[in-house]
Amino acid sequence: MPSGKQRFAEVFAVEVDNVTKRYDHRAVVDDISFSVNHGEIFGLIGPNGAGKTTTIRMMMDIIKPDSGSIRVFGETLGESTKNRIGYLPEERGLYRKLSVIDSITYLASLKGINRELARDRASELLKQVDMLAHQEKKIEALSRGMGQIIQFIVTIVHDPELVILDEPFAGLDPVNTELLKEMILDLRSRDKAVILSTHRMNEVEELCDRVLMIDKGKQVLYGGIAEIKSKYQSNSIRLDYQGHLADMPGVVAVHHHRNYAELILDAGTTPHEVLKQLAATGITVRRFEIMTPSLNEIFLKIVGREE
Amino acid sequence: MNKTILIIRHEFKRMVTRKLFIILTLAFPLLGLLAIGLSQVFSNISRPATEEKAFGYIDEAGGFGSFTEQEGVSLIPFDTQDSATQALIRGEITEYFVIPEDYLTTGVVFRYTLARELEIPDRTQRVINDFLVSNLLKEKITPQIINRVKAPMQLVTTRLTPTGEIATEQGGPEAFVVPYFFSLLLMLSIFFSAGYLLEGLSEEKENRIMEILLSSVSPTQLLAGKVLGLGASGLIQILVWLVSAPLLLRIASATIGGLISSLQIPTSLVILGVVYFVLGYLLFAILLAGAGAISPTVREGQQLSTIFTLVAASPFWFLPFIIENPGHTIVKAFTVFPLTAPVTVMARLGLADIALWELSLSIALLAVSVAGGLLVIAKVFRIYLLMYGKRPGLGEVIRSLKNA
């Protein structure tokens with residue numbers, strides 16, 4: 001429906017339609033479609049080499065897709081859309097000999113904002129991460145983690161409406177990881193669209209609203225995290241207890257782990273019925289939890305099934 | 001502001017604040033001044049030493065008693081070889097010679113000295129020669145003719161234009177020194193600017209800023225910004241040299257004189273110097289940018305660029321050949337071939353006029369290869385800037401260009 005597409009074009013921050021990219025006749029990205037809304041954190045997930053970076057580079061107009069279309073803010077990609085995107089590449093680097101403030105100002109000016117404004121914003125952001133004192137230092141004098149934070153500032157200094165982060169937490173210590181998470185959540189609260197590309201599923205579960213999972217260039221999973229999880233729920237219970245666990249009707253199997261037991265229920269049994277039975281047996285229940293599979297488990301399950 | 005201009009400004013600023021750039025730019029004028037100063041000092045030291053010389057001689061043939069002052073050397077007669085040897089050992093004379101009885105028939109003169117010499121010094125030869133000639137011819141002909149016998153001619157050459165007027169550019173080593181020097185400087189400046197372009201690119205590639213840059217600007221903007229920014233800094237360097245050269249020459253000719261005072265910097269050299277710098281630089285910058293784009297590290301990029309550098313410098317190896325045969329077909333080929341044109345044209349300017357067609361063809365070919373190179377390298381840029389793996393082979397690059 002062309003009319004419907006026209007209407008959605010203005011709603012989505014990013015709209016990717018049936019995009020394919022081949023290198024040497026091998027499809028690195030194979031017929032992928034997704035859209036990203038304003039004010040959401042969108043996870044682009046998959047193992048290393050799945051085609052995440054290639055997809056991102058196509059969104060940035062750094063490389064051209066062989067087929068399919070990409071729209072950013074409802075427009076076909078061009079030099080002007082580049083100014084509205086902030087991009088933190090996976091492979092990171094800055095001019096080693098340039099000072100922090102000059103690096104940020106120069107790269108910001110290439111995003112089309114004037115130097116004075118760039119300088120003001122840079123100072124503001126440096127103050128926010130408590131690094132204003134380092135602004136005249138050369139990049140090579142900074143620690144790795146500090147350099148990474150500077151790189152994140154470079155990504156958002158021009159106040160982009162779409163922020164693309166490729167493995168932003170790689171190599172960060174816990175303190176800087178928290179700092180970065182706060183800044184990413186702050187972007188969402190200001191109605192920015194954030195694309196988070198990573199192979200670490202726990203980060204995705206913590207931050208993302210919706211995800212696209214790709215494997216070997218193919219789209220394998222797409223939707224909201226809660227929706228995906230309920231779809232892949234395994235109907236099992238995590239039980240932490242003291243005493244003797246007897247056989248119960250409706251429980252098909254019990255897997256004993258180090259600190260807990262996993263109870264697998266048959267399709268007709270609800271967790272509530274199991275809880276009632278447990279109470280009747282008289283064992284001490286320390287923890288009773290309906291197990292939801294992690295994205296990681298879902299991913300392994302999907303990839304395993306497809307093979 | 002236009003992003004290309006931003007990149008030009010950034011690259012220009014980074015380049016002109018580099019220590020190496022400042023040193024290289026100032027080195028030429030400063031070394032020139034230093035050389036003038038040193039030559040001054042040396043000439044002051046060496047002059048008195050040459051004036052206090054004395055030669056001894058033993059006249060066995062007879063008739064060699066006059067003209068005992070030659071070019072500031074006193075010729076002191078001795079009766080025996082023993083007494084002359086004693087004087088030599090005591091340091092009263094620096095050497096002595098014996099004119100044997102049969103000198104007139106054989107022409108042989110024996111010379112004795114304490115110094116170990118590679119060859120007989122010119123001055124010694126002249127002093128003894130003039131002394132002998134003067135004594136042989138005295139009273140037979142006029143002193144004026146004697147002088148002409150000793151130095152029969154001093155050639156003064158004037159080059160005429162085909163229309164018969166006196167040419168503004170005269171030949172000789174004087175005319176060659178300046179162009180030769182300039183071809184060297186041109187070369188240095190082109191290599192320095194283009195080399196820095198290569199270094200900058202492969203550095204950006206190696207430490208991955210490239211990806212951020214390309215998310216803001218197009219590969220063509222990046223290429224144009226870098227080439228023009230670094231080119232502008234190279235042009236400044238060349239201009240500093242071109243402006244300081246006439247000033248230095250004026251100072252030098254006033255204090256040293258001789259050969260230097262006859263050196264001229266022809267206007268054609270300055271104009272062609274700028275033209276060939278601009279075109280030559282553009283060609284090398286584009287080629288080296290291509291090398292930088294396909295090389296994953298700074299080091300590999302530099303290795304690859306050596307090929308171009310060697311070709312460009314090759315006219316220097318053939319310089320003696322070019323000097324002796326400025327009109328040869330091979331030299332013409334060097335003049336026209338884009339990679340060797342800048343250096344060859346600069347060197348040839350001092351030797352003979354380069355035909356207008358050669359010069360036009362050379363400039364045209366250079367301009368065409370700059371334009372063609374730009375198109376090809378912009379494609380290479382797009383394909384290879386973000387590939388970090390192994391450097392692709394030539395065949396692979398050509399294949400991917402066809403596919404692109």
# chains A, B, ... in the order shown; residues from 1 in each chain; ligands from 1

call {"tool": "residues_around", "arguments": {"residues": "range 331-344 of chain B", "least_positions_apart": "3", "cutoff": "7 Å", "atoms": "only C-alpha atoms", "output": "PyMOL selection string"}}
result
chain B and resi 183+187+276+280+311-312+315+322+326-328+347-348+358+361-362+365-366

call {"tool": "closest_atom_pairs", "arguments": {"of": "chain A", "to": "chain B", "cutoff": "6 Å", "atoms": "only C-alpha atoms", "output": "JSON lines"}}
result
{"residue": "A:Met60", "atom": "CA", "partner": "B:Ser215", "partner_atom": "CA", "distance": 5.8}
{"residue": "A:Lys82", "atom": "CA", "partner": "B:Ser216", "partner_atom": "CA", "distance": 5.7}
{"residue": "A:Glu91", "atom": "CA", "partner": "B:Arg208", "partner_atom": "CA", "distance": 5.8}
{"residue": "A:Arg92", "atom": "CA", "partner": "B:Arg208", "partner_atom": "CA", "distance": 5.6}
{"residue": "A:Gly93", "atom": "CA", "partner": "B:Arg208", "partner_atom": "CA", "distance": 5.0}
{"residue": "A:Leu94", "atom": "CA", "partner": "B:Ile209", "partner_atom": "CA", "distance": 5.6}
{"residue": "A:Leu110", "atom": "CA", "partner": "B:Lys3", "partner_atom": "CA", "distance": 5.9}
{"residue": "A:Lys111", "atom": "CA", "partner": "B:Ser216", "partner_atom": "CA", "distance": 5.7}

call {"tool": "select_by_dssp", "arguments": {"residues": "range 108-228 of chain A", "states": "helix (DSSP H, G or I)", "output": "PyMOL selection string"}}
result
chain A and resi 108-109+115-128+132-134+139-141+144-156+174-189+201-207+225-228

call {"tool": "residues_around", "arguments": {"residues": "range 128-130 of chain A", "least_positions_apart": "5", "cutoff": "10 Å", "atoms": "only C-alpha atoms", "output": "list in words"}}
result
Ala122, Ser123, Met146, Ile149, Ile150, Ile153, Asn176, Leu179, Leu180 and Met183 of chain A

call {"tool": "write_last_selection", "arguments": {"atoms": "N, CA and C atoms", "output": "PDB file, in the first residue's frame"}}
result
ATOM      1  N   ALA A 122      30.255  21.184  23.822  1.00  0.00           N
ATOM      2  CA  ALA A 122      31.317  20.280  24.254  1.00  0.00           C
ATOM      3  C   ALA A 122      31.648  20.530  25.722  1.00  0.00           C
ATOM      4  N   SER A 123      31.784  21.800  26.103  1.00  0.00           N
ATOM      5  CA  SER A 123      32.106  22.126  27.493  1.00  0.00           C
ATOM      6  C   SER A 123      31.005  21.632  28.423  1.00  0.00           C
ATOM      7  N   MET A 146      38.299   6.891  29.297  1.00  0.00           N
ATOM      8  CA  MET A 146      38.036   8.310  29.089  1.00  0.00           C
ATOM      9  C   MET A 146      37.896   8.620  27.606  1.00  0.00           C
ATOM     10  N   ILE A 149      34.509   7.719  26.439  1.00  0.00           N
ATOM     11  CA  ILE A 149      33.476   8.679  26.834  1.00  0.00           C
ATOM     12  C   ILE A 149      33.538   9.910  25.907  1.00  0.00           C
ATOM     13  N   ILE A 150      34.771  10.358  25.607  1.00  0.00           N
ATOM     14  CA  ILE A 150      34.936  11.490  24.684  1.00  0.00           C
ATOM     15  C   ILE A 150      34.303  11.153  23.335  1.00  0.00           C
ATOM     16  N   ILE A 153      30.721  11.586  23.494  1.00  0.00           N
ATOM     17  CA  ILE A 153      30.371  13.013  23.433  1.00  0.00           C
ATOM     18  C   ILE A 153      30.409  13.490  21.983  1.00  0.00           C
ATOM     19  N   ASN A 176      32.219   3.623  34.219  1.00  0.00           N
ATOM     20  CA  ASN A 176      31.919   4.282  32.953  1.00  0.00           C
ATOM     21  C   ASN A 176      30.732   3.643  32.246  1.00  0.00           C
ATOM     22  N   LEU A 179      27.745   5.257  33.686  1.00  0.00           N
ATOM     23  CA  LEU A 179      27.677   6.627  33.175  1.00  0.00           C
ATOM     24  C   LEU A 179      27.069   6.634  31.777  1.00  0.00           C
ATOM     25  N   LEU A 180      27.540   5.718  30.957  1.00  0.00           N
ATOM     26  CA  LEU A 180      27.084   5.651  29.571  1.00  0.00           C
ATOM     27  C   LEU A 180      25.606   5.239  29.505  1.00  0.00           C
ATOM     28  N   MET A 183      23.440   8.119  30.208  1.00  0.00           N
ATOM     29  CA  MET A 183      23.381   9.070  29.096  1.00  0.00           C
ATOM     30  C   MET A 183      22.498   8.546  27.964  1.00  0.00           C
TER      31      MET A 183
END

call {"tool": "atom_distance", "arguments": {"atom1": "CA of Phe42 in chain B", "atom2": "CA of Ala252 in chain B"}}
result
14.3 Å

call {"tool": "select_by_dssp", "arguments": {"residues": "range 81-304 of chain A", "states": "strand (DSSP E or B)", "output": "PyMOL selection string"}}
result
chain A and resi 85-88+99+138+162-166+193-198+210-215+218-224+236-242+251-256+261-265+284-291

call {"tool": "residues_around", "arguments": {"residues": "Glu101 in chain B", "least_positions_apart": "5", "cutoff": "8 Å", "atoms": "only C-alpha atoms", "output": "PDB file with C-alpha atoms, in the first residue's frame"}}
result
ATOM      1  CA  GLU B  60     121.167  25.211 -15.136  1.00  0.00           C
ATOM      2  CA  ALA B  61     120.053  26.156 -18.635  1.00  0.00           C
ATOM      3  CA  GLY B  62     120.723  29.865 -18.138  1.00  0.00           C
TER       4      GLY B  62
END

call {"tool": "atom_distance", "arguments": {"atom1": "CA of Gly56 in chain B", "atom2": "CA of Asp122 in chain B"}}
result
17.4 Å

call {"tool": "closest_residue", "arguments": {"among": "A:Val100, A:Leu207, A:Leu196, A:Ala261", "to": "Glu289 in chain A", "atoms": "only C-alpha atoms"}}
result
A:Ala261

call {"tool": "decode", "arguments": {"residues": "range 157-252 of chain B", "atoms": "C-alpha atoms", "output": "PDB file, in the first residue's frame"}}
result
ATOM      1  CA  THR B 157      79.765  34.184 -25.111  1.00  0.00           C
ATOM      2  CA  THR B 158      76.468  35.870 -25.791  1.00  0.00           C
ATOM      3  CA  ARG B 159      73.392  33.882 -26.668  1.00  0.00           C
ATOM      4  CA  LEU B 160      71.185  35.384 -29.326  1.00  0.00           C
ATOM      5  CA  THR B 161      67.512  34.717 -29.902  1.00  0.00           C
ATOM      6  CA  PRO B 162      66.416  33.388 -33.322  1.00  0.00           C
ATOM      7  CA  THR B 163      65.533  36.986 -34.266  1.00  0.00           C
ATOM      8  CA  GLY B 164      69.081  38.128 -33.553  1.00  0.00           C
ATOM      9  CA  GLU B 165      68.559  39.991 -30.283  1.00  0.00           C
ATOM     10  CA  ILE B 166      70.459  39.279 -27.117  1.00  0.00           C
ATOM     11  CA  ALA B 167      68.595  36.547 -25.244  1.00  0.00           C
ATOM     12  CA  THR B 168      67.410  37.325 -21.742  1.00  0.00           C
ATOM     13  CA  GLU B 169      68.463  33.907 -20.501  1.00  0.00           C
ATOM     14  CA  GLN B 170      72.093  33.078 -21.081  1.00  0.00           C
ATOM     15  CA  GLY B 171      73.632  29.595 -20.822  1.00  0.00           C
ATOM     16  CA  GLY B 172      76.485  28.228 -18.752  1.00  0.00           C
ATOM     17  CA  PRO B 173      76.573  26.621 -15.323  1.00  0.00           C
ATOM     18  CA  GLU B 174      75.067  29.769 -13.821  1.00  0.00           C
ATOM     19  CA  ALA B 175      71.893  29.241 -15.783  1.00  0.00           C
ATOM     20  CA  PHE B 176      71.738  25.593 -14.811  1.00  0.00           C
ATOM     21  CA  VAL B 177      72.322  25.949 -11.092  1.00  0.00           C
ATOM     22  CA  VAL B 178      69.056  27.723 -10.360  1.00  0.00           C
ATOM     23  CA  PRO B 179      66.701  25.371 -12.271  1.00  0.00           C
ATOM     24  CA  TYR B 180      68.504  22.330 -10.915  1.00  0.00           C
ATOM     25  CA  PHE B 181      68.146  23.613  -7.425  1.00  0.00           C
ATOM     26  CA  PHE B 182      64.507  24.348  -8.037  1.00  0.00           C
ATOM     27  CA  SER B 183      63.702  20.936  -9.440  1.00  0.00           C
ATOM     28  CA  LEU B 184      65.166  19.565  -6.238  1.00  0.00           C
ATOM     29  CA  LEU B 185      63.078  21.866  -4.068  1.00  0.00           C
ATOM     30  CA  LEU B 186      59.957  21.200  -6.115  1.00  0.00           C
ATOM     31  CA  MET B 187      60.483  17.499  -5.672  1.00  0.00           C
ATOM     32  CA  LEU B 188      61.048  17.879  -1.953  1.00  0.00           C
ATOM     33  CA  SER B 189      57.943  19.956  -1.494  1.00  0.00           C
ATOM     34  CA  ILE B 190      55.723  17.687  -3.582  1.00  0.00           C
ATOM     35  CA  PHE B 191      56.916  14.589  -1.763  1.00  0.00           C
ATOM     36  CA  PHE B 192      56.573  16.217   1.604  1.00  0.00           C
ATOM     37  CA  SER B 193      52.990  17.414   1.104  1.00  0.00           C
ATOM     38  CA  ALA B 194      51.788  14.330  -0.746  1.00  0.00           C
ATOM     39  CA  GLY B 195      53.637  12.080   1.687  1.00  0.00           C
ATOM     40  CA  TYR B 196      51.911  13.743   4.571  1.00  0.00           C
ATOM     41  CA  LEU B 197      48.576  13.219   2.862  1.00  0.00           C
ATOM     42  CA  LEU B 198      49.329   9.524   2.647  1.00  0.00           C
ATOM     43  CA  GLU B 199      50.462   9.398   6.246  1.00  0.00           C
ATOM     44  CA  GLY B 200      47.377  11.259   7.452  1.00  0.00           C
ATOM     45  CA  LEU B 201      45.023   9.024   5.529  1.00  0.00           C
ATOM     46  CA  SER B 202      46.535   5.761   6.607  1.00  0.00           C
ATOM     47  CA  GLU B 203      46.698   7.073  10.163  1.00  0.00           C
ATOM     48  CA  GLU B 204      42.989   7.872  10.067  1.00  0.00           C
ATOM     49  CA  LYS B 205      42.373   4.470   8.631  1.00  0.00           C
ATOM     50  CA  GLU B 206      44.608   2.721  11.124  1.00  0.00           C
ATOM     51  CA  ASN B 207      43.092   4.363  14.192  1.00  0.00           C
ATOM     52  CA  ARG B 208      39.577   4.224  12.782  1.00  0.00           C
ATOM     53  CA  ILE B 209      38.616   7.900  12.688  1.00  0.00           C
ATOM     54  CA  MET B 210      37.778   7.247   9.075  1.00  0.00           C
ATOM     55  CA  GLU B 211      34.453   5.742   9.995  1.00  0.00           C
ATOM     56  CA  ILE B 212      33.397   8.822  11.985  1.00  0.00           C
ATOM     57  CA  LEU B 213      34.577  11.111   9.190  1.00  0.00           C
ATOM     58  CA  LEU B 214      32.635   9.160   6.593  1.00  0.00           C
ATOM     59  CA  SER B 215      29.507   9.297   8.723  1.00  0.00           C
ATOM     60  CA  SER B 216      29.715  13.087   8.402  1.00  0.00           C
ATOM     61  CA  VAL B 217      31.169  13.746   4.950  1.00  0.00           C
ATOM     62  CA  SER B 218      31.321  11.967   1.601  1.00  0.00           C
ATOM     63  CA  PRO B 219      34.546  10.277   0.430  1.00  0.00           C
ATOM     64  CA  THR B 220      34.870  12.878  -2.327  1.00  0.00           C
ATOM     65  CA  GLN B 221      34.592  15.759   0.156  1.00  0.00           C
ATOM     66  CA  LEU B 222      37.194  14.087   2.330  1.00  0.00           C
ATOM     67  CA  LEU B 223      39.583  13.533  -0.583  1.00  0.00           C
ATOM     68  CA  ALA B 224      39.123  17.060  -1.931  1.00  0.00           C
ATOM     69  CA  GLY B 225      39.493  18.651   1.501  1.00  0.00           C
ATOM     70  CA  LYS B 226      42.677  16.795   2.297  1.00  0.00           C
ATOM     71  CA  VAL B 227      44.303  17.260  -1.097  1.00  0.00           C
ATOM     72  CA  LEU B 228      43.549  20.988  -1.214  1.00  0.00           C
ATOM     73  CA  GLY B 229      44.361  21.682   2.438  1.00  0.00           C
ATOM     74  CA  LEU B 230      47.760  20.015   2.304  1.00  0.00           C
ATOM     75  CA  GLY B 231      48.371  21.411  -1.188  1.00  0.00           C
ATOM     76  CA  ALA B 232      47.820  24.942   0.072  1.00  0.00           C
ATOM     77  CA  SER B 233      50.422  24.411   2.768  1.00  0.00           C
ATOM     78  CA  GLY B 234      52.877  23.041   0.184  1.00  0.00           C
ATOM     79  CA  LEU B 235      52.243  26.043  -2.039  1.00  0.00           C
ATOM     80  CA  ILE B 236      53.018  28.369   0.847  1.00  0.00           C
ATOM     81  CA  GLN B 237      56.307  26.520   1.286  1.00  0.00           C
ATOM     82  CA  ILE B 238      57.209  26.868  -2.391  1.00  0.00           C
ATOM     83  CA  LEU B 239      56.276  30.558  -2.317  1.00  0.00           C
ATOM     84  CA  VAL B 240      58.469  31.178   0.726  1.00  0.00           C
ATOM     85  CA  TRP B 241      61.352  29.580  -1.159  1.00  0.00           C
ATOM     86  CA  LEU B 242      60.630  31.438  -4.401  1.00  0.00           C
ATOM     87  CA  VAL B 243      60.466  34.786  -2.618  1.00  0.00           C
ATOM     88  CA  SER B 244      63.518  34.224  -0.460  1.00  0.00           C
ATOM     89  CA  ALA B 245      65.694  32.968  -3.344  1.00  0.00           C
ATOM     90  CA  PRO B 246      66.104  36.338  -5.170  1.00  0.00           C
ATOM     91  CA  LEU B 247      66.724  38.088  -1.850  1.00  0.00           C
ATOM     92  CA  LEU B 248      69.398  35.555  -0.925  1.00  0.00           C
ATOM     93  CA  LEU B 249      70.959  35.876  -4.359  1.00  0.00           C
ATOM     94  CA  ARG B 250      71.170  39.628  -4.007  1.00  0.00           C
ATOM     95  CA  ILE B 251      72.893  39.339  -0.645  1.00  0.00           C
ATOM     96  CA  ALA B 252      75.172  36.615  -1.948  1.00  0.00           C
TER      97      ALA B 252
END
